[in-house]
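Novice: Structure file data-v2.txt (compact mmCIF, C-alpha atoms and all ligand atoms) right here:
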```
# COMPACT_ATOMS: atom_id res chain seq x y z
CA MET S 42 125.87 107.05 82.66
CA THR S 43 124.02 104.98 85.26
CA ASN S 44 120.83 106.27 86.88
CA THR S 45 122.78 106.92 90.10
CA GLU S 46 125.36 109.01 88.22
CA ILE S 47 122.61 110.95 86.45
CA THR S 48 120.83 111.54 89.76
CA ASP S 49 124.04 112.78 91.44
CA ARG S 50 124.72 115.20 88.59
CA ILE S 51 121.12 116.47 88.70
CA GLN S 52 121.44 117.13 92.45
CA GLN S 53 124.71 119.00 91.88
CA LEU S 54 123.26 121.18 89.07
CA LYS S 55 120.15 121.89 91.14
CA LYS S 56 122.30 123.38 93.90
CA GLU S 57 124.54 125.32 91.54
CA LYS S 58 121.61 126.86 89.67
CA ASN S 59 119.13 127.18 92.56
CA ALA S 60 116.64 124.98 90.71
CA VAL S 61 113.66 123.04 92.00
CA ILE S 62 112.10 119.93 90.44
CA LEU S 63 108.31 119.68 90.42
CA ALA S 64 106.74 116.42 89.23
CA HIS S 65 103.25 115.06 88.69
CA TYR S 66 102.21 111.69 90.15
CA TYR S 67 101.88 110.24 86.62
CA THR S 68 105.59 110.58 85.81
CA ARG S 69 107.98 107.62 85.92
CA PRO S 70 108.88 106.33 89.44
CA GLU S 71 112.53 107.43 89.11
CA VAL S 72 111.36 110.94 88.17
CA GLN S 73 108.96 111.06 91.13
CA ASP S 74 111.81 109.97 93.42
CA ILE S 75 114.06 112.84 92.37
CA ALA S 76 111.38 115.54 92.70
CA ASP S 77 111.54 118.22 95.39
CA TYR S 78 107.77 118.42 95.19
CA LEU S 79 105.44 115.71 93.92
CA GLY S 80 101.82 116.63 93.44
CA ASP S 81 98.60 116.75 91.47
CA SER S 82 97.64 119.64 89.18
CA LEU S 83 96.40 121.84 92.04
CA GLY S 84 99.37 121.15 94.32
CA LEU S 85 101.83 121.81 91.51
CA SER S 86 100.20 125.16 90.63
CA GLN S 87 100.32 126.18 94.30
CA GLU S 88 103.94 125.11 94.63
CA ALA S 89 104.97 127.01 91.48
CA GLY S 90 103.66 130.17 93.12
CA LYS S 91 105.49 129.55 96.41
CA THR S 92 108.98 128.50 95.41
CA ASP S 93 111.91 130.88 95.74
CA ALA S 94 114.07 128.92 93.28
CA ASP S 95 115.39 130.70 90.16
CA ILE S 96 114.62 127.75 87.88
CA ILE S 97 111.62 125.41 87.94
CA VAL S 98 112.16 122.10 86.13
CA PHE S 99 108.62 120.97 85.44
CA CYS S 100 108.21 117.22 85.07
CA GLY S 101 104.79 116.88 83.54
CA VAL S 102 102.98 117.80 80.35
CA HIS S 103 103.13 121.15 78.59
CA PHE S 104 99.98 122.82 79.96
CA MET S 105 101.26 122.22 83.50
CA ALA S 106 104.63 123.85 82.85
CA GLU S 107 102.84 126.70 81.08
CA THR S 108 100.64 127.21 84.16
CA ALA S 109 103.81 127.47 86.28
CA ALA S 110 105.22 130.06 83.83
CA ILE S 111 101.99 132.09 84.07
CA ILE S 112 102.07 132.05 87.87
CA SER S 113 105.83 132.68 88.23
CA PRO S 114 106.97 135.04 85.46
CA ASP S 115 110.18 135.91 87.31
CA LYS S 116 111.35 132.28 87.21
CA LYS S 117 112.81 130.32 84.33
CA VAL S 118 110.43 127.39 83.77
CA LEU S 119 112.00 124.42 81.96
CA ILE S 120 110.12 121.44 80.55
CA PRO S 121 112.38 118.42 79.94
CA ALA S 122 109.84 116.84 77.55
CA GLN S 123 109.18 119.64 75.07
CA TYR S 124 106.42 117.84 73.19
CA ALA S 125 104.55 116.24 76.10
CA GLY S 126 100.94 117.11 75.25
CA CYS S 127 97.48 116.30 76.59
CA SER S 128 94.34 115.24 74.72
CA LEU S 129 92.25 117.61 76.84
CA ALA S 130 94.42 120.68 76.27
CA GLU S 131 94.47 119.92 72.55
CA SER S 132 90.68 119.69 72.23
CA ILE S 133 89.95 123.43 72.43
CA THR S 134 91.43 126.76 71.31
CA GLY S 135 91.19 130.35 72.49
CA TYR S 136 89.27 131.10 69.31
CA ASP S 137 86.56 128.57 70.27
CA LEU S 138 86.04 130.42 73.55
CA LYS S 139 86.14 133.85 71.91
CA LYS S 140 83.26 132.75 69.66
CA TRP S 141 81.27 131.37 72.61
CA LYS S 142 81.81 134.60 74.56
CA GLU S 143 80.56 136.67 71.62
CA ALA S 144 77.40 134.52 71.45
CA ASN S 145 76.97 134.51 75.26
CA PRO S 146 78.17 137.89 76.58
CA ASP S 147 76.81 137.16 80.09
CA GLY S 148 78.06 133.58 80.16
CA ILE S 149 80.80 132.30 82.48
CA VAL S 150 83.60 130.10 81.19
CA VAL S 151 85.06 127.60 83.64
CA SER S 152 88.20 125.94 82.30
CA TYR S 153 89.81 122.86 83.69
CA VAL S 154 93.47 123.64 84.28
CA ASN S 155 94.28 121.12 81.50
CA THR S 156 94.14 123.90 78.90
CA THR S 157 96.61 126.12 77.05
CA ALA S 158 97.49 129.66 78.18
CA GLU S 159 95.53 130.99 75.22
CA VAL S 160 92.38 129.18 76.41
CA LYS S 161 92.92 130.42 79.97
CA ALA S 162 93.12 133.96 78.58
CA TRP S 163 89.44 133.62 77.53
CA THR S 164 88.42 131.94 80.79
CA ASP S 165 86.63 133.46 83.78
CA ILE S 166 87.76 130.92 86.36
CA CYS S 167 89.93 127.80 86.29
CA CYS S 168 89.55 124.61 88.30
CA THR S 169 91.38 121.34 88.84
CA SER S 170 89.87 117.97 89.69
CA ALA S 171 90.61 118.74 93.36
CA ASN S 172 88.52 121.92 93.55
CA ALA S 173 86.05 121.71 90.63
CA LEU S 174 82.98 121.29 92.88
CA LYS S 175 83.91 124.27 95.06
CA VAL S 176 84.62 126.44 92.03
CA VAL S 177 81.29 125.68 90.32
CA GLN S 178 79.35 126.06 93.60
CA SER S 179 80.87 129.54 94.00
CA LEU S 180 79.31 130.81 90.74
CA PRO S 181 76.07 132.85 90.51
CA HIS S 182 72.93 130.82 89.73
CA ASP S 183 71.47 133.17 87.12
CA ARG S 184 74.27 132.89 84.55
CA LYS S 185 74.92 130.38 81.79
CA ILE S 186 78.10 128.35 82.43
CA LEU S 187 80.32 126.71 79.85
CA PHE S 188 82.61 124.04 81.30
CA VAL S 189 85.63 123.10 79.17
CA PRO S 190 87.14 120.85 77.99
CA ASP S 191 86.48 117.62 79.95
CA LYS S 192 82.94 116.34 79.40
CA ASN S 193 83.39 113.55 81.98
CA LEU S 194 84.57 115.85 84.76
CA GLY S 195 81.81 118.30 83.74
CA SER S 196 79.12 115.58 83.88
CA TRP S 197 80.31 114.53 87.34
CA ILE S 198 80.15 118.14 88.56
CA MET S 199 76.58 118.40 87.22
CA LYS S 200 75.56 115.26 89.12
CA LYS S 201 77.20 116.40 92.35
CA THR S 202 76.10 120.05 92.34
CA GLY S 203 72.76 119.82 90.52
CA ARG S 204 73.94 122.79 88.42
CA HIS S 205 73.47 122.77 84.65
CA LEU S 206 76.67 123.23 82.66
CA GLU S 207 77.16 123.47 78.93
CA LEU S 208 79.88 120.91 78.22
CA TRP S 209 82.72 120.80 75.71
CA GLU S 210 83.28 117.50 73.86
CA GLY S 211 86.79 116.83 75.19
CA ASP S 212 88.15 113.96 77.22
CA CYS S 213 91.32 112.52 78.68
CA CYS S 214 92.36 109.66 76.39
CA VAL S 215 93.63 107.74 79.44
CA HIS S 216 90.75 108.13 81.92
CA ALA S 217 88.03 107.97 79.26
CA ARG S 218 88.80 104.24 78.95
CA ILE S 219 87.78 103.59 82.57
CA SER S 220 84.23 102.31 82.18
CA ALA S 221 81.51 101.46 84.71
CA GLU S 222 81.78 97.80 83.63
CA MET S 223 85.48 97.73 84.52
CA ILE S 224 84.74 99.14 87.98
CA LEU S 225 81.86 96.72 88.63
CA GLU S 226 83.93 93.74 87.54
CA LYS S 227 86.85 94.68 89.80
CA SER S 228 84.55 95.41 92.74
CA HIS S 229 83.14 91.86 92.49
CA GLU S 230 86.66 90.48 92.41
CA TYR S 231 87.71 92.56 95.46
CA PRO S 232 84.52 93.12 97.51
CA GLU S 233 86.44 94.41 100.56
CA ALA S 234 88.32 97.12 98.64
CA ASP S 235 87.61 100.83 98.53
CA ILE S 236 87.45 102.05 94.94
CA LEU S 237 89.18 105.36 94.26
CA ILE S 238 88.16 106.87 90.91
CA HIS S 239 89.40 109.95 89.08
CA PRO S 240 86.47 112.13 87.93
CA GLU S 241 87.95 112.39 84.40
CA SER S 242 86.90 108.73 84.03
CA ASP S 243 84.09 107.74 81.68
CA CYS S 244 82.26 106.13 84.63
CA SER S 245 82.41 109.16 86.97
CA HIS S 246 78.80 110.18 86.30
CA ASP S 247 77.28 106.69 85.95
CA GLU S 248 74.55 106.12 88.59
CA ARG S 249 75.68 102.51 89.12
CA ILE S 250 79.08 103.80 90.24
CA LEU S 251 77.85 106.84 92.15
CA ASN S 252 75.61 104.51 94.18
CA LEU S 253 78.42 102.14 95.16
CA PRO S 254 79.06 102.81 98.88
CA GLN S 255 82.75 101.86 98.61
CA ALA S 256 83.44 104.12 95.56
CA TYR S 257 84.99 107.59 95.98
CA MET S 258 85.82 110.25 93.36
CA TYR S 259 89.10 112.02 93.94
CA SER S 260 91.85 114.01 92.29
CA THR S 261 95.15 112.15 92.40
CA ALA S 262 96.24 113.82 95.65
CA GLY S 263 92.80 113.07 97.16
CA MET S 264 93.29 109.35 96.46
CA ILE S 265 96.64 109.37 98.23
CA LYS S 266 95.18 111.17 101.25
CA HIS S 267 92.26 108.70 101.43
CA ALA S 268 94.54 105.64 101.25
CA ASN S 269 96.94 107.08 103.84
CA GLN S 270 94.13 107.81 106.31
CA SER S 271 91.93 104.75 105.76
CA SER S 272 92.02 101.62 107.95
CA LYS S 273 91.12 99.51 104.88
CA LYS S 274 93.77 97.16 103.51
CA GLN S 275 92.77 96.99 99.82
CA PHE S 276 92.16 99.73 97.26
CA ILE S 277 91.18 99.60 93.60
CA ILE S 278 92.86 102.53 91.87
CA ALA S 279 91.03 103.91 88.85
CA THR S 280 93.49 106.43 87.49
CA GLU S 281 96.89 106.58 85.79
CA ILE S 282 98.99 103.60 86.85
CA GLU S 283 102.05 105.45 88.15
CA THR S 284 99.98 106.83 91.06
CA LEU S 285 100.56 103.39 92.61
CA HIS S 286 104.23 104.24 93.11
CA LYS S 287 103.48 106.89 95.76
CA LEU S 288 100.58 104.89 97.22
CA LYS S 289 102.78 101.84 97.78
CA LYS S 290 105.67 103.90 99.10
CA ASP S 291 103.44 105.58 101.70
CA ASN S 292 101.54 102.38 102.59
CA PRO S 293 103.79 99.33 102.22
CA LYS S 294 101.34 97.09 104.12
CA LYS S 295 98.28 97.93 102.01
CA GLU S 296 97.34 96.44 98.65
CA PHE S 297 96.68 98.63 95.60
CA ILE S 298 94.99 97.08 92.59
CA PRO S 299 95.18 99.01 89.31
CA ILE S 300 91.88 99.16 87.46
CA HIS S 301 93.72 98.10 84.28
CA PRO S 302 97.45 97.63 83.57
CA GLN S 303 97.18 99.79 80.44
CA THR S 304 95.90 102.92 82.18
CA ILE S 305 99.04 104.77 81.15
CA CYS S 306 99.59 108.38 80.05
CA GLY S 307 102.35 108.03 77.45
CA GLN S 308 102.82 111.81 77.39
CA MET S 309 103.86 111.87 81.06
CA LYS S 310 106.35 109.08 80.40
CA LYS S 311 108.24 111.33 77.98
CA VAL S 312 109.92 112.87 81.03
CA THR S 313 113.09 110.87 81.80
CA LEU S 314 116.06 111.30 84.16
CA GLN S 315 118.30 111.92 81.14
CA GLY S 316 115.85 114.60 79.92
CA ILE S 317 115.93 116.31 83.34
CA LEU S 318 119.73 116.30 83.32
CA GLU S 319 119.84 117.85 79.84
CA ALA S 320 117.21 120.39 80.86
CA LEU S 321 119.42 121.55 83.73
CA GLU S 322 122.68 121.43 81.77
CA LYS S 323 121.40 123.31 78.70
CA GLU S 324 118.58 125.22 80.44
CA GLN S 325 116.09 123.80 77.95
CA TYR S 326 113.25 123.89 77.01
CA VAL S 327 112.20 127.29 78.26
CA VAL S 328 108.42 127.66 78.49
CA ARG S 329 107.43 131.03 77.05
CA VAL S 330 104.07 132.78 77.25
CA SER S 331 103.59 136.25 75.74
CA GLU S 332 103.08 138.91 78.43
CA GLU S 333 99.69 139.90 76.99
CA ILE S 334 98.34 136.32 77.20
CA ARG S 335 100.08 135.65 80.53
CA LYS S 336 98.41 138.59 82.28
CA ARG S 337 94.97 137.53 81.04
CA ALA S 338 95.56 133.83 81.80
CA LEU S 339 96.72 134.61 85.33
CA LYS S 340 93.37 136.11 86.38
CA PRO S 341 91.28 132.87 86.20
CA ILE S 342 94.08 130.93 87.89
CA GLU S 343 94.26 133.46 90.73
CA ARG S 344 90.46 133.38 91.11
CA MET S 345 90.68 129.60 91.47
CA LEU S 346 93.55 129.77 93.96
CA THR S 347 91.63 132.17 96.21
CA ILE S 348 88.70 129.71 96.39
CA CYS S 349 90.71 126.60 97.39
P1 LIG S 401 94.90 115.83 88.81
O1 LIG S 401 96.36 116.13 88.80
O2 LIG S 401 94.09 117.04 89.17
O3 LIG S 401 94.54 114.64 89.61
O4 LIG S 401 94.48 115.54 87.28
C1 LIG S 401 94.91 114.41 86.66
C2 LIG S 401 95.39 114.61 85.30
O5 LIG S 401 95.00 113.92 84.40
C3 LIG S 401 96.37 115.62 85.08
O6 LIG S 401 96.68 115.68 83.75
FE1 LIG S 402 96.16 114.78 79.76
FE2 LIG S 402 94.94 112.57 80.53
FE3 LIG S 402 97.59 112.55 80.31
FE4 LIG S 402 96.40 113.92 82.28
S1 LIG S 402 96.39 111.70 81.98
S2 LIG S 402 98.05 114.64 80.95
S3 LIG S 402 94.52 114.61 81.28
S4 LIG S 402 96.10 112.85 78.63
```
As structure tokens - that is how I would like this structure written.
Ligand code: 13P
Ligand code: SF4

Specialist:
Amino acid sequence: MTNTEITDRIQQLKKEKNAVILAHYYTRPEVQDIADYLGDSLGLSQEAGKTDADIIVFCGVHFMAETAAIISPDKKVLIPAQYAGCSLAESITGYDLKKWKEANPDGIVVSYVNTTAEVKAWTDICCTSANALKVVQSLPHDRKILFVPDKNLGSWIMKKTGRHLELWEGDCCVHARISAEMILEKSHEYPEADILIHPESDCSHDERILNLPQAYMYSTAGMIKHANQSSKKQFIIATEIETLHKLKKDNPKKEFIPIHPQTICGQMKKVTLQGILEALEKEQYVVRVSEEIRKRALKPIERMLTIC
């Protein structure tokens, strides 16, 4: 089957089954183009809660589809790429948090949304890269805070808020490769460009980068908003490479320079058009979360969604 034939069949099945396709900006361009809603982690969580479709086909990695299943238990959530994982979500377990809670009964656990349902079940409040500062600023000052699992995002929050956080030793294997040296080198090459950096990056808390007047830290959706609204013509993009697809589509006259051609999340690329078609045809792979864990995991997500 050609891509056009696959796309036509997907559209037909979507109508027949009242399904909606949600996709993250890091998925393949052809997957982004077929999505009913394209977004970052925060936008996708919000959309999963709003949709009145019967089936959500979640084009992203497993923790994202699981978050949709937690928020929308009355919907069938399908993940076309059953084994699409994430180095952050895999770096911590619910048991790790249970032990921390026992040792710190008054402590607050803030979990990045890039975590499993089991980890969320032991969490007090979730955050995404789009709302992490607001979430941490909302917390009482007299309590110990554990931030999991991204040490780079956590270090950036500490710099920006002045709050002390205990950090977990996790990172995103894609953004952790974005160093301060890479940013400085590219900024010399393109002195007129704004530099848009994801806070999961290794350089997000480096003073040399924080002091660059043309550097901005953003979630993926924040980068797109900045580029769409700016009068600048050149942007260095320090995040997953597929974000350039949407940036270029929205701004055909502006130039987007990837920080490195290998800034690729292979897990996100596991979602293909063929996989989406099979997901709709066979109603696979259903994302399941036990009701006991789901109810507990929902609370920190809801707390986050009321703040942003
Ligand atoms: P955002 O979607 O919040 O920009 O996070 C990026 C990411 O790495 C998601 O896995
Ligand atoms: Fe996980 Fe990083 Fe891939 Fe996002 S880009 S899904 S944080 S490994």

Novice: Give me the residues near Glu324 (chain S) as an MDAnalysis selection string, where near means some atom within 12 Å (using only C-alpha atoms) and where sequence neighbours in that chain fewer than 2 positions away do not count.

Specialist: chainID S and resid 54:55 58 60 95:99 117:121 316:322 326:328

Novice: Just checking: using all atoms listed in the file, which residue out of S:His286, S:Lys311, S:Arg335, S:Lys192 ends up closest to Cys214 (chain S)?

Specialist: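 Nearest to Cys214 (chain S): S:Lys192.
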
Novice: Can you measure CA of Ala221 (chain S) to CA of Cys244 (chain S) for me? One decimal in Å is fine.

Specialist: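 Rounded to one decimal, the two atoms are 4.7 Å apart.
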
Novice: Have a look at S:Gln275, S:Ser170, S:Thr202, S:Asn59 and name the one nearest to ligand LIG 402 (chain S); count only C-alpha atoms and all ligand atoms.

Specialist: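 Counting only C-alpha atoms and all ligand atoms, the residue closest to ligand LIG 402 (chain S) is S:Ser170.
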
Novice: Taking all atoms listed in the file into account, which residues are within 6 Å of ligand LIG 402 (chain S), as a ChimeraX atom specification?

Specialist: /S:102,127-129,213-215,306

Novice: Based on the selection just made, write C-alpha atoms of those residues as a compact mmCIF listing (two decimals), in the coordinates of the input.

Specialist:
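The resulting file, again.txt, is shown below:
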```
# COMPACT_ATOMS: atom_id res chain seq x y z
CA VAL S 102 102.98 117.80 80.35
CA CYS S 127 97.48 116.30 76.59
CA SER S 128 94.34 115.24 74.72
CA LEU S 129 92.25 117.61 76.84
CA CYS S 213 91.32 112.52 78.68
CA CYS S 214 92.36 109.66 76.39
CA VAL S 215 93.63 107.74 79.44
CA CYS S 306 99.59 108.38 80.05
```

Novice: I need the residue nearest Ala122 (chain S) from this list: S:Arg337, S:Lys323, S:Lys310, S:Lys142. Use all atoms listed in the file for the distance.

Specialist: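 Closest to Ala122 (chain S), using all atoms listed in the file: S:Lys310.
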
Novice: Excluding Lys294 (chain S) and its own-chain neighbours fewer than 4 positions away, which residues fall within 12 Å of it when counting all atoms listed in the file? Please give them as a PyMOL selection string.

Specialist: chain S and resi 268-269+272-276+288-290

Novice: Could you please give me, as a PyMOL selection string, the residues of protein, DNA or RNA lying at most 12 Å from (88.6, 97.1, 102.4) in the coordinate frame of the file, considering only C-alpha atoms?

Specialist: chain S and resi 228+231-237+254-256+268+271-277+295-298

Novice: Tell me which protein, DNA and RNA residues are within 8 Å of Thr261 (chain S), counting all atoms listed in the file, leaving out same-chain ones fewer than 5 positions away, and put them as a ChimeraX atom specification.

Specialist: /S:66,81,239,280,284

Novice: Kindly give the distance, in Å, that separates CA of Leu339 (chain S) and CA of Thr68 (chain S), rounded to a single decimal.

Specialist: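 One can read the CA of Leu339 (chain S) to CA of Thr68 (chain S) distance as 25.6 Å.
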
Novice: Figure out the distance between CA of Asp115 (chain S) and CA of Val330 (chain S), please, to one decimal in Å.

Specialist: 12.2 Å

Novice: Mind giving me the axis-aligned box for region 203-216 of chain S with 6 Å on every side, centre plus edges in Å to one decimal, as JSON?

Specialist:
```
{"center_x": 83.2, "center_y": 115.6, "center_z": 82.2, "size_x": 32.9, "size_y": 27.7, "size_z": 28.7}
```

Novice: Name the closest residue to Ala173 (chain S) among the candidates S:Met105, S:Ile51, S:Met345, S:Val72; distances are taken between atoms, counting all atoms listed in the file.

Specialist: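 For Ala173 (chain S), the nearest of the given residues is S:Met345.
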
Novice: Taking into account all atoms listed in the file, which residue in the set S:Gln178, S:Thr347, S:Gln325, S:Thr169 is nearest to ligand LIG 401 (chain S)?

Specialist: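 Of S:Gln178, S:Thr347, S:Gln325, S:Thr169, the one nearest ligand LIG 401 (chain S) is S:Thr169, counting all atoms listed in the file.
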
Novice: Set the distance at 10 Å and use all atoms listed in the file: which residues neighbour Phe188 (chain S) once local chain neighbours fewer than 6 positions away are removed? I'd like the list as an MDAnalysis selection string.

Specialist: chainID S and resid 149:153 164 166:168 177 194:196 198 205:210

Novice: Which one of S:Thr108, S:Asn292, S:Gln123, S:Ser220 sits closest to Thr313 (chain S) if you count all atoms listed in the file?

Specialist: S:Gln123
